[in-house]
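Below is the file work-v4.txt, which contains compact mmCIF, C-alpha atoms.
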# COMPACT_ATOMS: atom_id res chain seq x y z
CA MET A 8 0.00 0.00 0.00
CA GLU A 9 1.57 3.25 -1.11
CA ASN A 10 2.09 6.13 1.31
CA LYS A 11 -0.40 8.88 0.87
CA LYS A 12 0.26 12.54 1.27
CA SER A 13 -2.11 14.21 3.68
CA SER A 14 -4.62 16.82 2.59
CA GLY A 15 -3.69 20.46 3.19
CA PHE A 16 -6.11 20.78 6.13
CA ARG A 17 -4.43 20.47 9.58
CA LEU A 18 -6.01 19.30 12.85
CA SER A 19 -4.82 20.98 16.08
CA VAL A 20 -4.37 19.06 19.36
CA ALA A 21 -7.57 20.70 20.72
CA THR A 22 -9.63 19.85 17.61
CA LEU A 23 -8.41 16.23 17.59
CA ALA A 24 -9.05 15.88 21.35
CA ILE A 25 -12.61 17.24 20.86
CA MET A 26 -13.10 14.91 17.85
CA ASN A 27 -11.98 12.07 20.16
CA VAL A 28 -14.44 13.07 22.88
CA THR A 29 -17.18 13.48 20.23
CA ALA A 30 -16.44 10.04 18.73
CA VAL A 31 -16.24 8.30 22.12
CA VAL A 32 -18.68 10.13 24.43
CA SER A 33 -22.35 9.62 23.83
CA LEU A 34 -24.60 10.99 26.55
CA ARG A 35 -27.28 8.49 25.45
CA GLY A 36 -25.52 5.77 27.47
CA LEU A 37 -25.81 7.57 30.81
CA ALA A 38 -29.40 6.40 31.41
CA ALA A 39 -28.45 2.70 31.31
CA GLU A 40 -25.75 3.19 33.97
CA SER A 41 -27.66 5.57 36.27
CA ILE A 42 -29.71 2.56 37.50
CA TYR A 43 -26.60 1.27 39.32
CA GLY A 44 -26.13 4.27 41.61
CA LEU A 45 -22.69 4.71 43.17
CA SER A 46 -21.40 1.43 41.74
CA SER A 47 -21.65 2.94 38.21
CA ALA A 48 -18.44 4.87 39.07
CA PHE A 49 -16.71 1.54 39.79
CA TYR A 50 -17.73 0.21 36.35
CA TYR A 51 -16.51 3.36 34.55
CA LEU A 52 -13.15 3.34 36.36
CA PHE A 53 -12.73 -0.44 35.93
CA ALA A 54 -13.40 -0.20 32.18
CA ALA A 55 -11.10 2.85 31.92
CA ILE A 56 -8.23 0.91 33.56
CA VAL A 57 -8.62 -2.37 31.64
CA PHE A 58 -9.81 -0.94 28.30
CA LEU A 59 -9.73 2.84 27.70
CA ILE A 60 -6.18 3.50 28.95
CA PRO A 61 -4.62 0.44 27.24
CA THR A 62 -6.48 1.29 24.00
CA ALA A 63 -5.50 4.98 24.05
CA LEU A 64 -1.82 4.30 24.84
CA VAL A 65 -1.34 1.30 22.53
CA ALA A 66 -3.08 3.13 19.66
CA ALA A 67 -0.90 6.21 20.31
CA GLU A 68 2.31 4.12 19.99
CA LEU A 69 1.06 2.41 16.82
CA ALA A 70 -0.15 5.63 15.20
CA ALA A 71 3.10 7.49 15.97
CA MET A 72 5.13 4.51 14.71
CA TYR A 73 3.37 4.76 11.34
CA SER A 74 2.81 8.53 11.35
CA ASP A 75 4.14 8.81 7.78
CA LYS A 76 1.73 6.15 6.47
CA GLN A 77 -2.06 5.94 6.39
CA GLY A 78 -4.39 3.00 6.91
CA GLY A 79 -5.02 3.08 10.68
CA VAL A 80 -5.81 -0.34 12.16
CA PHE A 81 -5.25 -2.04 8.76
CA ARG A 82 -1.64 -0.87 8.79
CA TRP A 83 -1.07 -1.86 12.44
CA VAL A 84 -2.55 -5.38 12.25
CA GLY A 85 -1.36 -5.95 8.66
CA GLU A 86 2.30 -5.22 9.47
CA ALA A 87 2.15 -7.67 12.42
CA MET A 88 -0.03 -10.49 11.11
CA GLY A 89 -0.30 -10.09 7.35
CA ALA A 90 -2.59 -8.15 5.02
CA ARG A 91 -5.56 -10.54 5.33
CA LEU A 92 -5.94 -10.04 9.08
CA GLY A 93 -5.23 -6.32 8.60
CA PHE A 94 -8.11 -6.17 6.14
CA LEU A 95 -10.34 -8.11 8.57
CA ALA A 96 -9.56 -5.57 11.33
CA ILE A 97 -10.42 -2.49 9.25
CA TRP A 98 -13.49 -4.23 7.75
CA ILE A 99 -14.82 -5.04 11.24
CA GLN A 100 -14.22 -1.44 12.34
CA TRP A 101 -16.18 -0.23 9.32
CA ILE A 102 -19.08 -2.73 9.49
CA GLN A 103 -19.59 -2.38 13.26
CA SER A 104 -19.86 1.40 12.89
CA THR A 105 -22.42 0.85 10.11
CA ILE A 106 -24.53 -1.30 12.46
CA TRP A 107 -24.08 1.26 15.26
CA TYR A 108 -25.54 4.22 13.33
CA PRO A 109 -29.23 3.29 13.83
CA THR A 110 -28.70 3.01 17.62
CA VAL A 111 -27.11 6.44 18.07
CA LEU A 112 -29.55 7.97 15.57
CA THR A 113 -32.47 6.57 17.59
CA PHE A 114 -31.25 8.87 20.35
CA GLY A 115 -31.18 11.74 17.80
CA ALA A 116 -34.82 10.99 16.93
CA VAL A 117 -35.75 11.04 20.63
CA SER A 118 -34.00 14.44 20.96
CA ILE A 119 -36.15 15.81 18.11
CA ALA A 120 -39.30 14.37 19.73
CA PHE A 121 -38.45 16.29 22.92
CA ILE A 122 -38.26 19.67 21.15
CA GLY A 123 -41.96 20.06 22.06
CA MET A 124 -43.06 21.50 25.42
CA ASP A 125 -45.45 18.70 26.50
CA GLN A 126 -43.42 15.86 28.09
CA THR A 127 -46.22 13.25 27.83
CA HIS A 128 -46.73 13.97 24.11
CA ASP A 129 -42.93 14.02 23.56
CA MET A 130 -42.51 10.60 25.22
CA ALA A 131 -45.28 9.10 23.07
CA LEU A 132 -43.70 10.53 19.89
CA ALA A 133 -40.25 9.20 20.94
CA SER A 134 -41.73 5.66 21.22
CA ASN A 135 -43.32 5.87 17.75
CA LYS A 136 -41.44 3.49 15.42
CA LEU A 137 -42.36 5.25 12.15
CA PHE A 138 -41.32 8.70 13.45
CA THR A 139 -38.01 7.22 14.70
CA LEU A 140 -37.34 5.48 11.36
CA ILE A 141 -37.89 8.67 9.31
CA VAL A 142 -35.67 10.81 11.58
CA VAL A 143 -32.89 8.17 11.75
CA LEU A 144 -32.65 8.06 7.95
CA ALA A 145 -32.88 11.86 7.55
CA ILE A 146 -30.00 12.60 9.99
CA TYR A 147 -27.85 9.78 8.59
CA TRP A 148 -28.12 10.95 4.98
CA VAL A 149 -27.44 14.60 5.99
CA ALA A 150 -24.22 13.38 7.70
CA THR A 151 -23.26 11.42 4.55
CA PHE A 152 -23.69 14.44 2.28
CA ILE A 153 -21.57 16.57 4.65
CA ALA A 154 -18.85 13.85 4.68
CA LEU A 155 -18.78 14.01 0.86
CA LYS A 156 -17.67 17.66 1.18
CA GLY A 157 -14.28 16.59 2.59
CA LEU A 158 -12.33 16.64 5.89
CA SER A 159 -12.34 20.43 6.40
CA TRP A 160 -16.16 20.31 6.72
CA VAL A 161 -16.06 17.18 8.88
CA GLY A 162 -13.41 18.71 11.20
CA LYS A 163 -15.35 21.97 11.70
CA ILE A 164 -18.77 20.36 12.26
CA SER A 165 -17.33 17.63 14.52
CA LYS A 166 -15.53 20.25 16.62
CA TRP A 167 -18.54 22.58 17.04
CA GLY A 168 -21.07 19.76 17.23
CA GLY A 169 -18.96 18.05 19.88
CA LEU A 170 -18.79 21.25 21.92
CA ILE A 171 -22.44 22.28 21.50
CA GLY A 172 -24.03 18.82 21.50
CA THR A 173 -21.91 16.78 23.89
CA ILE A 174 -19.43 18.74 26.05
CA ILE A 175 -21.66 21.76 26.93
CA PRO A 176 -24.83 19.63 27.64
CA ALA A 177 -22.69 17.26 29.77
CA ALA A 178 -21.29 20.22 31.75
CA LEU A 179 -24.81 21.68 32.09
CA LEU A 180 -26.19 18.34 33.38
CA ILE A 181 -23.38 18.08 35.97
CA VAL A 182 -23.72 21.72 37.13
CA MET A 183 -27.53 21.37 37.43
CA GLY A 184 -27.07 18.15 39.44
CA ILE A 185 -24.77 19.90 41.92
CA ALA A 186 -27.04 22.98 42.16
CA TYR A 187 -30.14 20.76 42.58
CA LEU A 188 -28.61 18.90 45.55
CA ALA A 189 -27.19 22.13 47.03
CA THR A 190 -30.66 23.77 47.00
CA GLY A 191 -32.31 20.81 48.75
CA GLY A 192 -33.64 18.83 45.77
CA THR A 193 -34.71 15.22 46.42
CA ASN A 194 -31.94 12.73 45.61
CA HIS A 195 -33.52 9.78 43.74
CA MET A 196 -30.25 7.84 43.56
CA ASN A 197 -29.94 4.80 45.79
CA MET A 198 -27.04 5.89 48.03
CA SER A 199 -27.12 2.64 50.03
CA GLN A 200 -25.50 0.77 47.13
CA SER A 201 -21.80 0.08 47.62
CA PHE A 202 -19.15 1.57 45.32
CA PHE A 203 -18.03 -2.07 44.74
CA PRO A 204 -20.80 -4.09 43.02
CA ASP A 205 -21.39 -7.79 43.69
CA LEU A 206 -19.46 -9.28 40.76
CA SER A 207 -20.55 -12.81 41.70
CA LYS A 208 -23.92 -11.88 40.13
CA PHE A 209 -23.87 -12.73 36.44
CA SER A 210 -25.99 -9.73 35.42
CA ASN A 211 -23.46 -7.33 37.00
CA LEU A 212 -20.64 -8.93 34.98
CA VAL A 213 -22.65 -8.51 31.77
CA LEU A 214 -23.11 -4.84 32.61
CA ALA A 215 -19.37 -4.39 33.22
CA SER A 216 -18.65 -5.73 29.74
CA GLY A 217 -21.20 -3.35 28.17
CA ILE A 218 -19.38 -0.32 29.59
CA PHE A 219 -16.23 -1.23 27.64
CA LEU A 220 -17.89 -0.06 24.48
CA PHE A 221 -18.75 3.30 26.04
CA TYR A 222 -15.04 3.91 25.54
CA ALA A 223 -14.69 2.50 22.03
CA GLY A 224 -13.37 4.68 19.25
CA MET A 225 -10.13 6.10 20.67
CA GLU A 226 -8.07 4.18 18.11
CA MET A 227 -10.22 5.35 15.19
CA MET A 228 -8.45 8.70 15.07
CA GLY A 229 -5.37 6.80 13.82
CA VAL A 230 -6.67 7.33 10.27
CA HIS A 231 -6.32 11.11 10.77
CA VAL A 232 -2.72 10.98 12.05
CA MET A 233 -1.43 12.49 8.77
CA GLU A 234 -3.62 15.57 9.24
CA VAL A 235 -2.09 16.53 12.63
CA ASP A 236 0.79 19.01 12.97
CA ASN A 237 3.84 17.22 14.42
CA PRO A 238 1.90 13.92 14.85
CA ARG A 239 4.65 12.18 16.79
CA ARG A 240 4.22 14.59 19.69
CA ASN A 241 0.69 15.95 19.27
CA TYR A 242 -1.27 12.78 18.45
CA PRO A 243 -0.55 11.04 21.80
CA LYS A 244 -1.27 14.35 23.61
CA ALA A 245 -4.71 14.66 21.97
CA ILE A 246 -5.54 10.99 22.74
CA ILE A 247 -4.62 11.26 26.45
CA LEU A 248 -6.42 14.62 26.89
CA GLY A 249 -9.54 13.15 25.23
CA ALA A 250 -9.40 10.07 27.52
CA ILE A 251 -9.35 12.15 30.76
CA VAL A 252 -12.28 14.36 29.65
CA THR A 253 -14.23 11.24 28.61
CA VAL A 254 -13.98 9.51 32.02
CA LEU A 255 -14.97 12.69 33.90
CA ILE A 256 -18.03 13.30 31.70
CA PHE A 257 -19.26 9.71 32.10
CA ILE A 258 -18.92 9.46 35.90
CA PHE A 259 -20.37 12.85 36.85
CA GLY A 260 -22.98 12.84 34.07
CA THR A 261 -24.33 9.45 35.23
CA PHE A 262 -24.53 10.63 38.86
CA SER A 263 -26.39 13.80 37.80
CA LEU A 264 -28.95 11.77 35.86
CA GLY A 265 -29.39 9.22 38.68
CA VAL A 266 -30.13 12.05 41.14
CA ILE A 267 -33.13 13.35 39.14
CA VAL A 268 -34.58 10.19 37.47
CA PRO A 269 -35.50 7.28 39.83
CA ALA A 270 -33.96 3.94 38.71
CA LYS A 271 -37.42 2.35 38.29
CA ASP A 272 -38.41 5.02 35.72
CA VAL A 273 -35.30 4.74 33.52
CA ASN A 274 -35.94 4.28 29.79
CA LEU A 275 -32.79 3.60 27.72
CA THR A 276 -33.64 5.97 24.90
CA GLN A 277 -35.61 8.74 26.67
CA SER A 278 -34.29 9.21 30.22
CA LEU A 279 -31.53 11.71 29.37
CA LEU A 280 -34.10 14.09 27.86
CA VAL A 281 -36.53 13.48 30.73
CA GLY A 282 -33.68 14.25 33.18
CA PHE A 283 -32.94 17.58 31.47
CA ASP A 284 -36.68 18.41 31.41
CA ASN A 285 -36.98 17.66 35.15
CA TYR A 286 -33.93 19.75 36.09
CA LEU A 287 -35.04 22.70 33.95
CA ALA A 288 -38.58 22.52 35.41
CA TYR A 289 -37.06 22.53 38.94
CA PHE A 290 -35.05 25.66 38.12
CA LYS A 291 -38.12 27.28 36.46
CA MET A 292 -36.33 27.22 33.08
CA SER A 293 -38.60 24.88 31.10
CA TRP A 294 -38.34 27.26 28.13
CA ALA A 295 -34.76 25.95 27.65
CA SER A 296 -35.84 22.29 27.13
CA PRO A 297 -36.22 22.60 23.32
CA ILE A 298 -32.81 24.33 23.11
CA VAL A 299 -31.15 21.42 24.97
CA ALA A 300 -32.96 18.89 22.73
CA ILE A 301 -31.74 20.70 19.57
CA ALA A 302 -28.17 20.87 20.96
CA LEU A 303 -28.19 17.12 21.73
CA MET A 304 -29.45 16.37 18.22
CA PHE A 305 -26.58 18.49 16.81
CA GLY A 306 -24.19 16.45 18.99
CA VAL A 307 -25.60 13.22 17.49
CA LEU A 308 -25.03 14.61 13.97
CA ALA A 309 -21.42 15.51 14.88
CA GLY A 310 -20.76 12.08 16.42
CA VAL A 311 -22.22 10.27 13.41
CA LEU A 312 -20.24 12.52 11.06
CA THR A 313 -16.95 11.75 12.84
CA TRP A 314 -17.70 8.03 12.36
CA VAL A 315 -19.04 8.30 8.80
CA ALA A 316 -15.75 9.97 7.80
CA GLY A 317 -13.40 7.74 9.87
CA PRO A 318 -13.76 3.97 9.27
CA SER A 319 -15.02 4.49 5.69
CA LYS A 320 -11.83 6.45 4.94
CA GLY A 321 -9.75 3.64 6.45
CA ILE A 322 -11.42 0.96 4.29
CA PHE A 323 -11.11 3.24 1.23
CA MET A 324 -7.31 3.51 1.71
CA VAL A 325 -7.16 -0.29 1.92
CA GLY A 326 -9.43 -0.69 -1.11
CA LYS A 327 -7.08 1.50 -3.16
CA ALA A 328 -4.22 -0.86 -2.31
CA GLY A 329 -6.12 -3.50 -4.29
CA TYR A 330 -8.02 -5.28 -1.47
CA LEU A 331 -11.46 -4.22 -2.75
CA PRO A 332 -13.08 -4.31 -6.23
CA PRO A 333 -12.66 -1.14 -8.40
CA PHE A 334 -16.24 -0.01 -7.58
CA PHE A 335 -15.21 0.64 -3.94
CA GLN A 336 -12.06 2.50 -5.00
CA ARG A 337 -13.94 5.36 -6.66
CA ALA A 338 -13.83 8.83 -5.10
CA ASN A 339 -15.43 12.19 -5.90
CA LYS A 340 -13.41 15.18 -7.15
CA LEU A 341 -12.47 16.06 -3.52
CA GLY A 342 -10.96 12.60 -3.05
CA VAL A 343 -13.78 11.48 -0.70
CA GLN A 344 -14.77 7.77 -0.75
CA ARG A 345 -18.14 8.32 -2.52
CA ASN A 346 -19.15 4.74 -3.38
CA ILE A 347 -18.24 3.32 0.03
CA LEU A 348 -20.35 6.06 1.71
CA LEU A 349 -23.33 5.28 -0.56
CA VAL A 350 -23.12 1.49 0.06
CA GLN A 351 -22.82 2.19 3.80
CA GLY A 352 -25.98 4.33 3.54
CA GLY A 353 -27.83 1.46 1.87
CA ILE A 354 -26.89 -0.95 4.70
CA VAL A 355 -27.93 1.59 7.38
CA THR A 356 -31.27 2.10 5.60
CA LEU A 357 -31.94 -1.68 5.51
CA LEU A 358 -30.93 -2.16 9.17
CA SER A 359 -33.18 0.72 10.22
CA LEU A 360 -36.14 -1.18 8.76
CA LEU A 361 -35.63 -3.72 11.61
CA PHE A 362 -37.55 -1.18 13.70
CA VAL A 363 -40.71 -2.56 12.17
CA VAL A 364 -40.15 -6.17 13.36
CA MET A 365 -38.68 -5.69 16.85
CA PRO A 366 -41.17 -5.47 19.78
CA SER A 367 -40.12 -1.92 20.75
CA VAL A 368 -37.68 0.89 20.01
CA GLN A 369 -35.82 -0.12 23.22
CA SER A 370 -35.36 -3.78 22.19
CA PHE A 371 -34.16 -2.80 18.68
CA TYR A 372 -31.71 -0.39 20.28
CA GLN A 373 -30.38 -3.08 22.64
CA ILE A 374 -29.84 -5.85 20.06
CA LEU A 375 -27.95 -3.56 17.66
CA SER A 376 -25.86 -2.23 20.57
CA GLN A 377 -24.87 -5.81 21.53
CA LEU A 378 -24.04 -6.67 17.92
CA THR A 379 -21.80 -3.60 17.67
CA ILE A 380 -19.98 -4.64 20.87
CA LEU A 381 -19.32 -8.21 19.63
CA LEU A 382 -17.87 -7.11 16.30
CA TYR A 383 -15.79 -4.28 17.69
CA LEU A 384 -14.20 -6.44 20.39
CA ILE A 385 -12.78 -8.81 17.73
CA MET A 386 -10.96 -5.81 16.21
CA TYR A 387 -9.62 -4.75 19.60
CA MET A 388 -8.24 -8.24 20.30
CA LEU A 389 -6.44 -8.13 16.92
CA MET A 390 -5.05 -4.66 17.70
CA PHE A 391 -3.62 -5.61 21.13
CA ALA A 392 -2.09 -8.84 19.76
CA ALA A 393 -0.54 -6.87 16.86
CA ALA A 394 1.02 -4.26 19.17
CA ILE A 395 2.84 -6.99 21.16
CA THR A 396 3.87 -8.86 17.97
CA LEU A 397 5.38 -5.69 16.42
CA ARG A 398 7.67 -5.24 19.44
CA TYR A 399 9.44 -8.44 18.34
CA LYS A 400 8.86 -8.41 14.57
CA MET A 401 9.97 -4.78 14.08
CA LYS A 402 12.38 -4.20 16.96
CA SER A 403 14.45 -1.58 15.13
CA THR A 404 11.54 0.51 13.74
CA PRO A 405 11.64 3.99 15.37
CA ARG A 406 8.88 4.49 17.96
CA PRO A 407 8.61 8.25 18.58
CA PHE A 408 6.01 7.55 21.30
CA ARG A 409 7.05 4.36 23.10
CA LEU A 410 5.41 2.66 26.10
CA GLY A 411 8.25 2.00 28.57
CA LYS A 412 11.92 1.28 27.83
CA GLY A 413 11.63 -2.51 27.57
CA ASN A 414 8.63 -4.60 26.52
CA GLY A 415 7.13 -5.06 30.01
CA LEU A 416 4.66 -2.16 29.88
CA MET A 417 3.47 -3.16 26.39
CA TRP A 418 2.89 -6.75 27.61
CA LEU A 419 1.00 -5.46 30.67
CA LEU A 420 -1.27 -3.11 28.67
CA GLY A 421 -1.65 -5.59 25.81
CA ILE A 422 -2.71 -8.45 28.11
CA LEU A 423 -4.99 -6.14 30.11
CA GLY A 424 -6.69 -4.88 26.93
CA PHE A 425 -6.86 -8.30 25.23
CA GLY A 426 -8.14 -10.06 28.39
CA GLY A 427 -10.74 -7.35 29.06
CA SER A 428 -11.93 -7.49 25.43
CA LEU A 429 -12.19 -11.31 25.49
CA LEU A 430 -14.19 -11.28 28.74
CA ALA A 431 -16.55 -8.62 27.37
CA PHE A 432 -16.91 -10.55 24.08
CA ILE A 433 -18.05 -13.74 25.85
CA LEU A 434 -20.46 -11.90 28.17
CA SER A 435 -21.99 -9.86 25.32
CA PHE A 436 -23.93 -12.89 24.03
CA VAL A 437 -26.08 -12.93 27.18
CA PRO A 438 -29.45 -11.13 26.78
CA PRO A 439 -29.78 -8.39 29.45
CA GLY A 440 -32.31 -9.17 32.17
CA GLN A 441 -33.53 -5.57 32.48
CA ILE A 442 -35.03 -5.22 28.97
CA ALA A 443 -37.72 -7.22 27.18
CA THR A 444 -35.81 -8.41 24.11
CA GLY A 445 -38.56 -10.63 22.72
CA SER A 446 -37.70 -14.17 21.58
CA HIS A 447 -34.29 -15.52 22.66
CA THR A 448 -34.14 -17.43 19.35
CA VAL A 449 -34.33 -14.13 17.41
CA TRP A 450 -31.79 -12.58 19.80
CA TYR A 451 -29.14 -15.31 19.35
CA SER A 452 -29.74 -15.81 15.62
CA VAL A 453 -29.32 -12.06 14.84
CA LEU A 454 -26.11 -11.91 16.92
CA ILE A 455 -24.52 -15.12 15.60
CA ILE A 456 -25.44 -14.75 11.90
Step by step, read the file and then write its structure as C-alpha cells.
Amino acid sequence: MENKKSSGFRLSVATLAIMNVTAVVSLRGLAAESIYGLSSAFYYLFAAIVFLIPTALVAAELAAMYSDKQGGVFRWVGEAMGARLGFLAIWIQWIQSTIWYPTVLTFGAVSIAFIGMDQTHDMALASNKLFTLIVVLAIYWVATFIALKGLSWVGKISKWGGLIGTIIPAALLIVMGIAYLATGGTNHMNMSQSFFPDLSKFSNLVLASGIFLFYAGMEMMGVHVMEVDNPRRNYPKAIILGAIVTVLIFIFGTFSLGVIVPAKDVNLTQSLLVGFDNYLAYFKMSWASPIVAIALMFGVLAGVLTWVAGPSKGIFMVGKAGYLPPFFQRANKLGVQRNILLVQGGIVTLLSLLFVVMPSVQSFYQILSQLTILLYLIMYMLMFAAAITLRYKMKSTPRPFRLGKGNGLMWLLGILGFGGSLLAFILSFVPPGQIATGSHTVWYSVLII
C-alpha cells in the first residue's frame, strides 16, 4: 500500500481531542448506567483501567510509529499479522460502525421528539417506530452528504457539534445536578449501594462488559494521524487529553442523571431528555428544554459525522491498495470515498427497517448495541495482539512515542486490553435481564449470523 500525502487541512491538538471526545462520548448511554447508583463509578473506572487507557496508549504508539503512512488499524494489524488479518480488522471497524448508526440515531430521533413542550406527548412521539425510522434516515443521509464535502467540513462540524451537542450539555447536566442537591432537591439515587458491586452476580458482569464499548473509538483517530501538525508529539497528547475528559463526563454525568430520574423510571432511549426536562422545570427554566434537545441532536449529527468519515476512509485507503473491487475505489473530485459512503448508507437504511419487526424501540436499540460490541471487540483483540507482535517483529523501527523502555509495559497493557476485550466478548452474548428483548431465538440468531 503506497504512502499517501495528507490533505492540506491540519487538525490541532484541541480539535483532535474534541473529535476524540465526540467520537467516544455519547450521553445516550448515561441512562443505562444511572440505575446502578454509586457502583456505576466503579464500572466506569474499571473499564477505563482495563480498556480505555490500554487502547489509548497502545493506539498512540502504533499511530506514531506509522505517522508517515495511512491505513489506521489495517496498517497496524497488517504489518504484524499479514494483510488478510489487517483487512479483517479495518473491515470489522467499518461494518460495526455501520450497524451502530441506527442506535445512536435513535437517540437523535428522541431528541427531536423532545423539542416540544409537552413531556407526555414528547414521550409518546419518541416511542413511535415510524417517526423514529424517518428521523434516523434523515439525519444519517445529511451526515453522509456533509462527509462528501471533505475533511475540512467534517473537522469543523465535529468540533462545534462536539462542543455544543456533547461537552456543553454534559457540563450543564453536571452543574444542574450539583445545584439541585445544594438547594435541597430530592436525591432519587440509591445511596445505600456500595461503590463495589457484587461481581458474583452474572448480570453485574454482563453490565461491566457493556461499559467497555462506552469507551470504544479512541483508536479510530489513527486514520487522521497524517492531518495533525507534528503527529509524533501531538497525536498522543490529543488521545490522552480526550481520555481524561471522557472519564470525567461519564462518571459525573451518570450521577447527575441518577439524582433526578429514579432507577425504576429509567428508559434507555428517553431518560436523558426526561432528566434535562426535570432539572429545567425545577429551576423554572422549562423554556430551555427545546434548546437542549436541539443541541443534543446536533451532537448526534457531529458524532455520526466523525464516524461516517473515519472507518469508511480507512477501508477506502485499503481498497485503493487492491483489497477491494474497483467499484469501492472510486472517489469524488475532492478525493472522498463516494461509493463506500453510498453502500454504507444502503446498509444503514436496511438495518433501520428492523424497527418494524422488533417489539419496541428499546429492544431494537439493545440488540444492535450488543451486535456492535461483539464485532468491535474482535478488532480490539487483533489490535492488542498486533502491538505486542510488532515489538518483536519490528524491533528496530523507530517508535517516537514508546510505552516504557523494555517490553514489560506493552505486555501489561496488551494483556490487560486483550483479556478485558475477550471477557466482554463472551459476556456480550447474554441477553440483558432488564429489557424485554422478545424471543431468545431471534436474539441469538441475529447476533450469531
Near range 174-188 of chain A, 10 Å: range 291-334 of chain A residue rows, closest pairs, all atoms listed in the file, as a Markdown table:
| residue | atom | partner | partner_atom | distance |
| --- | --- | --- | --- | --- |
| A:Val299 | CA | A:Pro176 | CA | 7.1 |
| A:Ala300 | CA | A:Pro176 | CA | 9.5 |
| A:Ala302 | CA | A:Pro176 | CA | 7.6 |
| A:Leu303 | CA | A:Pro176 | CA | 7.2 |
| A:Gly306 | CA | A:Ile174 | CA | 8.8 |
Which of A:Thr448, A:Asn241, A:Ser199, A:Thr356 sits closest to Phe408 in chain A [using all atoms listed in the file]: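 Distance minimum relative to Phe408 in chain A lands on A:Asn241.
Take CA of Lys340 in chain A and CA of Lys76 in chain A: the distance between them is 22.3 Å.
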Hey, can you check how far CA of Val235 in chain A sits from CA of Thr22 in chain A?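 One can read the CA of Val235 in chain A to CA of Thr22 in chain A distance as 9.6 Å.
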Could you work out how far CA of Gly321 in chain A lies from CA of Asn339 in chain A, giving the answer in Å with one decimal?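 Spanning CA of Asn339 in chain A to CA of Gly321 in chain A is a straight-line distance of 16.1 Å.
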Compile the contact shell of Thr404 in chain A as a list in words: residues with an atom at most 12 Å away, counting all atoms listed in the file, same-chain residues fewer than 4 positions apart removed.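 The filter keeps Glu68, Leu69, Ala71, Met72, Tyr73, Glu86, Leu397, Arg398, Tyr399, Lys400, Phe408 and Arg409 of chain A.
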Would you please work out which residue, of A:Asn274, A:Ser263, A:Ser403, A:Ser293, is nearest to Asn194 in chain A when using all atoms listed in the file? A:Ser263
Residue nearest Thr105 in chain A - candidates A:Gly421, A:Leu357, A:Leu454, A:Lys163, atoms counted: all atoms listed in the file: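 Selected residue with least distance to Thr105 in chain A: A:Leu357.
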Nearest to Ala295 in chain A, restricted to only C-alpha atoms and choosing among A:Phe121, A:Val311, A:Thr29, A:Ala245, comes out as A:Phe121
Choose the residue, out of A:Ile146, A:Ala309, A:Leu92, A:Ile301, that has the smallest atom-to-atom separation from Val28 in chain A; count all atoms listed in the file.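 Counting all atoms listed in the file, the residue closest to Val28 in chain A is A:Ala309.
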Test item: which residues lie within 10 Å of (-25.1, 11.1, 40.0) counting all atoms listed in the file, as a compact mmCIF listing (two decimals) with C-alpha atoms, in the frame of the given file:
# COMPACT_ATOMS: atom_id res chain seq x y z
CA LEU A 37 -25.81 7.57 30.81
CA GLU A 40 -25.75 3.19 33.97
CA SER A 41 -27.66 5.57 36.27
CA TYR A 43 -26.60 1.27 39.32
CA GLY A 44 -26.13 4.27 41.61
CA LEU A 45 -22.69 4.71 43.17
CA SER A 47 -21.65 2.94 38.21
CA ALA A 48 -18.44 4.87 39.07
CA LEU A 180 -26.19 18.34 33.38
CA ILE A 181 -23.38 18.08 35.97
CA GLY A 184 -27.07 18.15 39.44
CA ILE A 185 -24.77 19.90 41.92
CA ASN A 194 -31.94 12.73 45.61
CA HIS A 195 -33.52 9.78 43.74
CA MET A 196 -30.25 7.84 43.56
CA ASN A 197 -29.94 4.80 45.79
CA MET A 198 -27.04 5.89 48.03
CA PHE A 257 -19.26 9.71 32.10
CA ILE A 258 -18.92 9.46 35.90
CA PHE A 259 -20.37 12.85 36.85
CA GLY A 260 -22.98 12.84 34.07
CA THR A 261 -24.33 9.45 35.23
CA PHE A 262 -24.53 10.63 38.86
CA SER A 263 -26.39 13.80 37.80
CA LEU A 264 -28.95 11.77 35.86
CA GLY A 265 -29.39 9.22 38.68
CA VAL A 266 -30.13 12.05 41.14
CA ILE A 267 -33.13 13.35 39.14
CA VAL A 268 -34.58 10.19 37.47
Looking at only C-alpha atoms, which of A:Leu410, A:Ile395, A:Met390, A:Ala316 is the one that sits closest to Gly93 in chain A?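 Counting only C-alpha atoms, the residue closest to Gly93 in chain A is A:Met390.
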When you look at Ala154 in chain A with a cut-off of 8 Å (counting only C-alpha atoms), what residues show up, excluding the ones that are within fewer than 4 positions of it in the same chain? I need them as a PyMOL selection string. chain A and resi 150+158+160-161+312+315-316+343
Residues within 10 Å of Leu220 in chain A, please, as a PyMOL selection string. Count all atoms listed in the file; anything in the same chain fewer than 5 positions from it doesn't count. chain A and resi 31+54+58-59+215+376-377+379-381+383-384+428+431
Tell me, as a ChimeraX atom specification, which residues lie within 10 Å of His447 in chain A, counting only C-alpha atoms; anything in the same chain fewer than 4 positions away does not count. /A:437-438,451-453
